[in-house]
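Undergrad: The file below is input-v6.pdb, PDB, C-alpha atoms and all ligand atoms:
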```pdb
MODEL        1
ATOM      1  CA  MET K1051      13.590  -5.709 -73.874  1.00  0.00           C
ATOM      2  CA  GLU K1052      11.417  -7.925 -76.037  1.00  0.00           C
ATOM      3  CA  GLY K1053       7.937  -6.397 -76.499  1.00  0.00           C
ATOM      4  CA  GLY K1054       6.095  -9.713 -76.383  1.00  0.00           C
ATOM      5  CA  VAL K1055       7.051 -10.213 -72.760  1.00  0.00           C
ATOM      6  CA  LEU K1056       4.974  -7.186 -71.786  1.00  0.00           C
ATOM      7  CA  LEU K1057       2.121  -7.900 -74.169  1.00  0.00           C
ATOM      8  CA  ARG K1058       1.779 -11.515 -73.072  1.00  0.00           C
ATOM      9  CA  PRO K1059       3.444 -11.946 -69.689  1.00  0.00           C
ATOM     10  CA  MET K1060       4.139 -15.427 -68.385  1.00  0.00           C
ATOM     11  CA  LEU K1061       1.601 -17.331 -66.389  1.00  0.00           C
ATOM     12  CA  VAL K1062       3.047 -17.639 -62.884  1.00  0.00           C
ATOM     13  CA  GLY K1063       2.487 -20.812 -60.886  1.00  0.00           C
ATOM     14  CA  ARG K1064      -0.880 -22.604 -61.187  1.00  0.00           C
ATOM     15  CA  GLY K1065       0.885 -25.907 -61.860  1.00  0.00           C
ATOM     16  CA  GLU K1066      -1.677 -27.984 -59.990  1.00  0.00           C
ATOM     17  CA  GLU K1067      -4.667 -26.253 -61.580  1.00  0.00           C
ATOM     18  CA  LEU K1068      -3.144 -26.562 -65.054  1.00  0.00           C
ATOM     19  CA  ALA K1069      -2.431 -30.257 -64.518  1.00  0.00           C
ATOM     20  CA  ARG K1070      -6.096 -30.852 -63.704  1.00  0.00           C
ATOM     21  CA  LEU K1071      -7.327 -28.850 -66.697  1.00  0.00           C
ATOM     22  CA  ILE K1072      -4.873 -30.542 -69.067  1.00  0.00           C
ATOM     23  CA  GLY K1073      -5.966 -33.906 -67.659  1.00  0.00           C
ATOM     24  CA  GLY K1074      -9.549 -33.021 -68.601  1.00  0.00           C
ATOM     25  CA  LEU K1075      -8.451 -31.965 -72.070  1.00  0.00           C
ATOM     26  CA  ASP K1076      -6.549 -35.228 -72.568  1.00  0.00           C
ATOM     27  CA  ARG K1077      -9.574 -37.250 -71.500  1.00  0.00           C
ATOM     28  CA  ALA K1078     -11.793 -35.220 -73.850  1.00  0.00           C
ATOM     29  CA  VAL K1079      -9.418 -35.909 -76.755  1.00  0.00           C
ATOM     30  CA  ALA K1080      -9.621 -39.604 -75.807  1.00  0.00           C
ATOM     31  CA  GLY K1081     -13.433 -39.403 -76.098  1.00  0.00           C
ATOM     32  CA  LYS K1082     -14.364 -38.956 -72.436  1.00  0.00           C
ATOM     33  CA  GLY K1083     -15.685 -35.421 -72.046  1.00  0.00           C
ATOM     34  CA  SER K1084     -16.326 -33.703 -68.742  1.00  0.00           C
ATOM     35  CA  ALA K1085     -16.995 -30.283 -67.262  1.00  0.00           C
ATOM     36  CA  LEU K1086     -14.501 -28.578 -64.936  1.00  0.00           C
ATOM     37  CA  LEU K1087     -15.481 -25.623 -62.755  1.00  0.00           C
ATOM     38  CA  VAL K1088     -12.905 -22.882 -62.204  1.00  0.00           C
ATOM     39  CA  SER K1089     -13.822 -20.950 -59.069  1.00  0.00           C
ATOM     40  CA  GLY K1090     -12.025 -18.512 -56.783  1.00  0.00           C
ATOM     41  CA  GLU K1091     -11.972 -15.073 -55.192  1.00  0.00           C
ATOM     42  CA  PRO K1092     -12.301 -12.000 -57.465  1.00  0.00           C
ATOM     43  CA  GLY K1093      -9.014 -11.312 -59.239  1.00  0.00           C
ATOM     44  CA  MET K1094      -7.490 -14.715 -58.404  1.00  0.00           C
ATOM     45  CA  GLY K1095      -6.806 -15.466 -62.074  1.00  0.00           C
ATOM     46  CA  LYS K1096      -9.805 -17.481 -63.313  1.00  0.00           C
ATOM     47  CA  THR K1097     -10.070 -15.630 -66.620  1.00  0.00           C
ATOM     48  CA  ARG K1098      -6.301 -15.666 -67.097  1.00  0.00           C
ATOM     49  CA  LEU K1099      -6.129 -19.415 -66.534  1.00  0.00           C
ATOM     50  CA  SER K1100      -9.099 -20.060 -68.832  1.00  0.00           C
ATOM     51  CA  LYS K1101      -7.576 -18.009 -71.635  1.00  0.00           C
ATOM     52  CA  PHE K1102      -4.255 -19.801 -71.234  1.00  0.00           C
ATOM     53  CA  MET K1103      -6.034 -23.158 -71.519  1.00  0.00           C
ATOM     54  CA  LYS K1104      -7.996 -21.996 -74.555  1.00  0.00           C
ATOM     55  CA  ARG K1105      -4.722 -21.283 -76.346  1.00  0.00           C
ATOM     56  CA  GLN K1106      -3.580 -24.859 -75.694  1.00  0.00           C
ATOM     57  CA  THR K1107      -6.604 -26.415 -77.394  1.00  0.00           C
TER
HETATM   58  N1  LIG P1201      -1.053 -17.108 -62.780  1.00  0.00           N
HETATM   59  C1  LIG P1201      -0.893 -15.819 -63.115  1.00  0.00           C
HETATM   60  N2  LIG P1201       0.275 -15.352 -63.583  1.00  0.00           N
HETATM   61  C2  LIG P1201       0.421 -14.065 -63.921  1.00  0.00           C
HETATM   62  N3  LIG P1201      -0.550 -13.144 -63.846  1.00  0.00           N
HETATM   63  C3  LIG P1201      -1.740 -13.531 -63.401  1.00  0.00           C
HETATM   64  C4  LIG P1201      -1.982 -14.892 -63.020  1.00  0.00           C
HETATM   65  N4  LIG P1201      -3.267 -15.004 -62.595  1.00  0.00           N
HETATM   66  C5  LIG P1201      -3.800 -13.782 -62.720  1.00  0.00           C
HETATM   67  N5  LIG P1201      -2.906 -12.894 -63.206  1.00  0.00           N
HETATM   68  C6  LIG P1201      -3.190 -11.470 -63.463  1.00  0.00           C
HETATM   69  O1  LIG P1201      -3.980 -10.985 -62.385  1.00  0.00           O
HETATM   70  C7  LIG P1201      -5.033 -10.153 -62.871  1.00  0.00           C
HETATM   71  C8  LIG P1201      -6.406 -10.732 -62.486  1.00  0.00           C
HETATM   72  O2  LIG P1201      -6.602 -11.975 -63.138  1.00  0.00           O
HETATM   73  P1  LIG P1201      -8.022 -12.408 -63.771  1.00  0.00           P
HETATM   74  O3  LIG P1201      -8.672 -11.263 -64.454  1.00  0.00           O
HETATM   75  O4  LIG P1201      -7.779 -13.641 -64.572  1.00  0.00           O
HETATM   76  O5  LIG P1201      -8.825 -12.772 -62.440  1.00  0.00           O
HETATM   77  P2  LIG P1201     -10.324 -13.309 -62.308  1.00  0.00           P
HETATM   78  O6  LIG P1201     -10.287 -14.369 -61.254  1.00  0.00           O
HETATM   79  O7  LIG P1201     -10.859 -13.695 -63.628  1.00  0.00           O
HETATM   80  O8  LIG P1201     -11.059 -12.006 -61.736  1.00  0.00           O
HETATM   81  P3  LIG P1201     -12.642 -11.712 -61.687  1.00  0.00           P
HETATM   82  O9  LIG P1201     -13.189 -12.506 -60.553  1.00  0.00           O
HETATM   83  O10 LIG P1201     -12.706 -10.243 -61.414  1.00  0.00           O
HETATM   84  O11 LIG P1201     -13.221 -12.105 -63.019  1.00  0.00           O
HETATM   85  C9  LIG P1201      -4.819 -10.053 -64.378  1.00  0.00           C
HETATM   86  O12 LIG P1201      -4.065  -8.905 -64.663  1.00  0.00           O
HETATM   87  C10 LIG P1201      -4.043 -11.305 -64.702  1.00  0.00           C
HETATM   88  O13 LIG P1201      -3.281 -11.177 -65.881  1.00  0.00           O
HETATM   89 MG    MG P1202     -12.602 -13.068 -64.679  1.00  0.00          MG
ENDMDL
END
```
Kindly transcribe the structure held in the file into structure tokens.
TA:
Amino acid sequence: MEGGVLLRPMLVGRGEELARLIGGLDRAVAGKGSALLVSGEPGMGKTRLSKFMKRQT
């Protein structure tokens, strides 16, 4: 088994949330900045999603 799979497992689902965050990033690159709030129950994946997005920037 490839070690990286365990060290950095895939992000599951979150297509809609990612689309909204990537939309904000695209607008920021185009010069129109904004703030997006990520909220949810404890352990729902807010930090995971934020870290994933940070790697895309
Ligand atoms: N979309 C996802 N795909 C795979 N694993 C996920 C996903 N979302 C969350 N996880 C896993 O679930 C666990 C909890 O996620 P995370 O720490 O991001 O939640 P959180 O909303 O930030 O929690 P808290 O409110 O306690 O800060 C972590 O082990 C994380 O890797
Ligand atoms: Mg968190």
Undergrad: Given 4 Å of margin on each side, can you work out the centre and size in Å (one decimal) of an axis-aligned box holding every listed atom of ligand LIG 1201 (chain P), as JSON?
TA:
```
{"center_x": -6.4, "center_y": -13.0, "center_z": -63.2, "size_x": 21.6, "size_y": 16.2, "size_z": 13.3}
```
Undergrad: Report, in Å to a single decimal, how far apart atom CA of Pro1059 of chain K and atom CA of Lys1101 of chain K are.
TA: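 The value is 12.7 Å.
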Undergrad: Determine the residue membership of the PyMOL selection byres (((chain K and resi 1061) around 12) and not hetatm) for the file above and supply it as a list in words.
TA: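 With the PyMOL selection byres (((chain K and resi 1061) around 12) and not hetatm) on this model, the match is Val1055, Leu1056, Arg1058, Pro1059, Met1060, Val1062, Gly1063, Arg1064, Gly1065, Glu1067, Leu1068, Gly1095, Lys1096, Thr1097, Arg1098, Leu1099, Ser1100, Lys1101, Phe1102 and Met1103 of chain K.
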Undergrad: Which of these, K:Leu1087, K:Pro1092, K:Lys1082, K:Ala1069, has the shortest distance to ligand LIG 1201 (chain P) once you count all atoms listed in the file?
TA: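 For ligand LIG 1201 (chain P), the nearest of the candidates is K:Pro1092.
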Undergrad: Out of K:Leu1086, K:Ala1080, K:Leu1071, K:Met1094, which residue has the shortest atom-to-atom distance to ligand LIG 1201 (chain P) when counting only C-alpha atoms and all ligand atoms?
TA: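 Residue with the minimum atom-to-atom distance to ligand LIG 1201 (chain P): K:Met1094.
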Undergrad: So how many Å separate atom C4 of ligand LIG 1201 (chain P) and atom CA of Glu1066 of chain K, to one decimal?
TA: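 If I compute the distance from atom C4 of ligand LIG 1201 (chain P) to atom CA of Glu1066 of chain K, I get 13.4 Å.
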Undergrad: Do you have the atom P1 of ligand LIG 1201 (chain P)-atom CA of Arg1077 of chain K distance handy?
TA: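 Interatomic distance, atom P1 of ligand LIG 1201 (chain P) to atom CA of Arg1077 of chain K: 26.1 Å.
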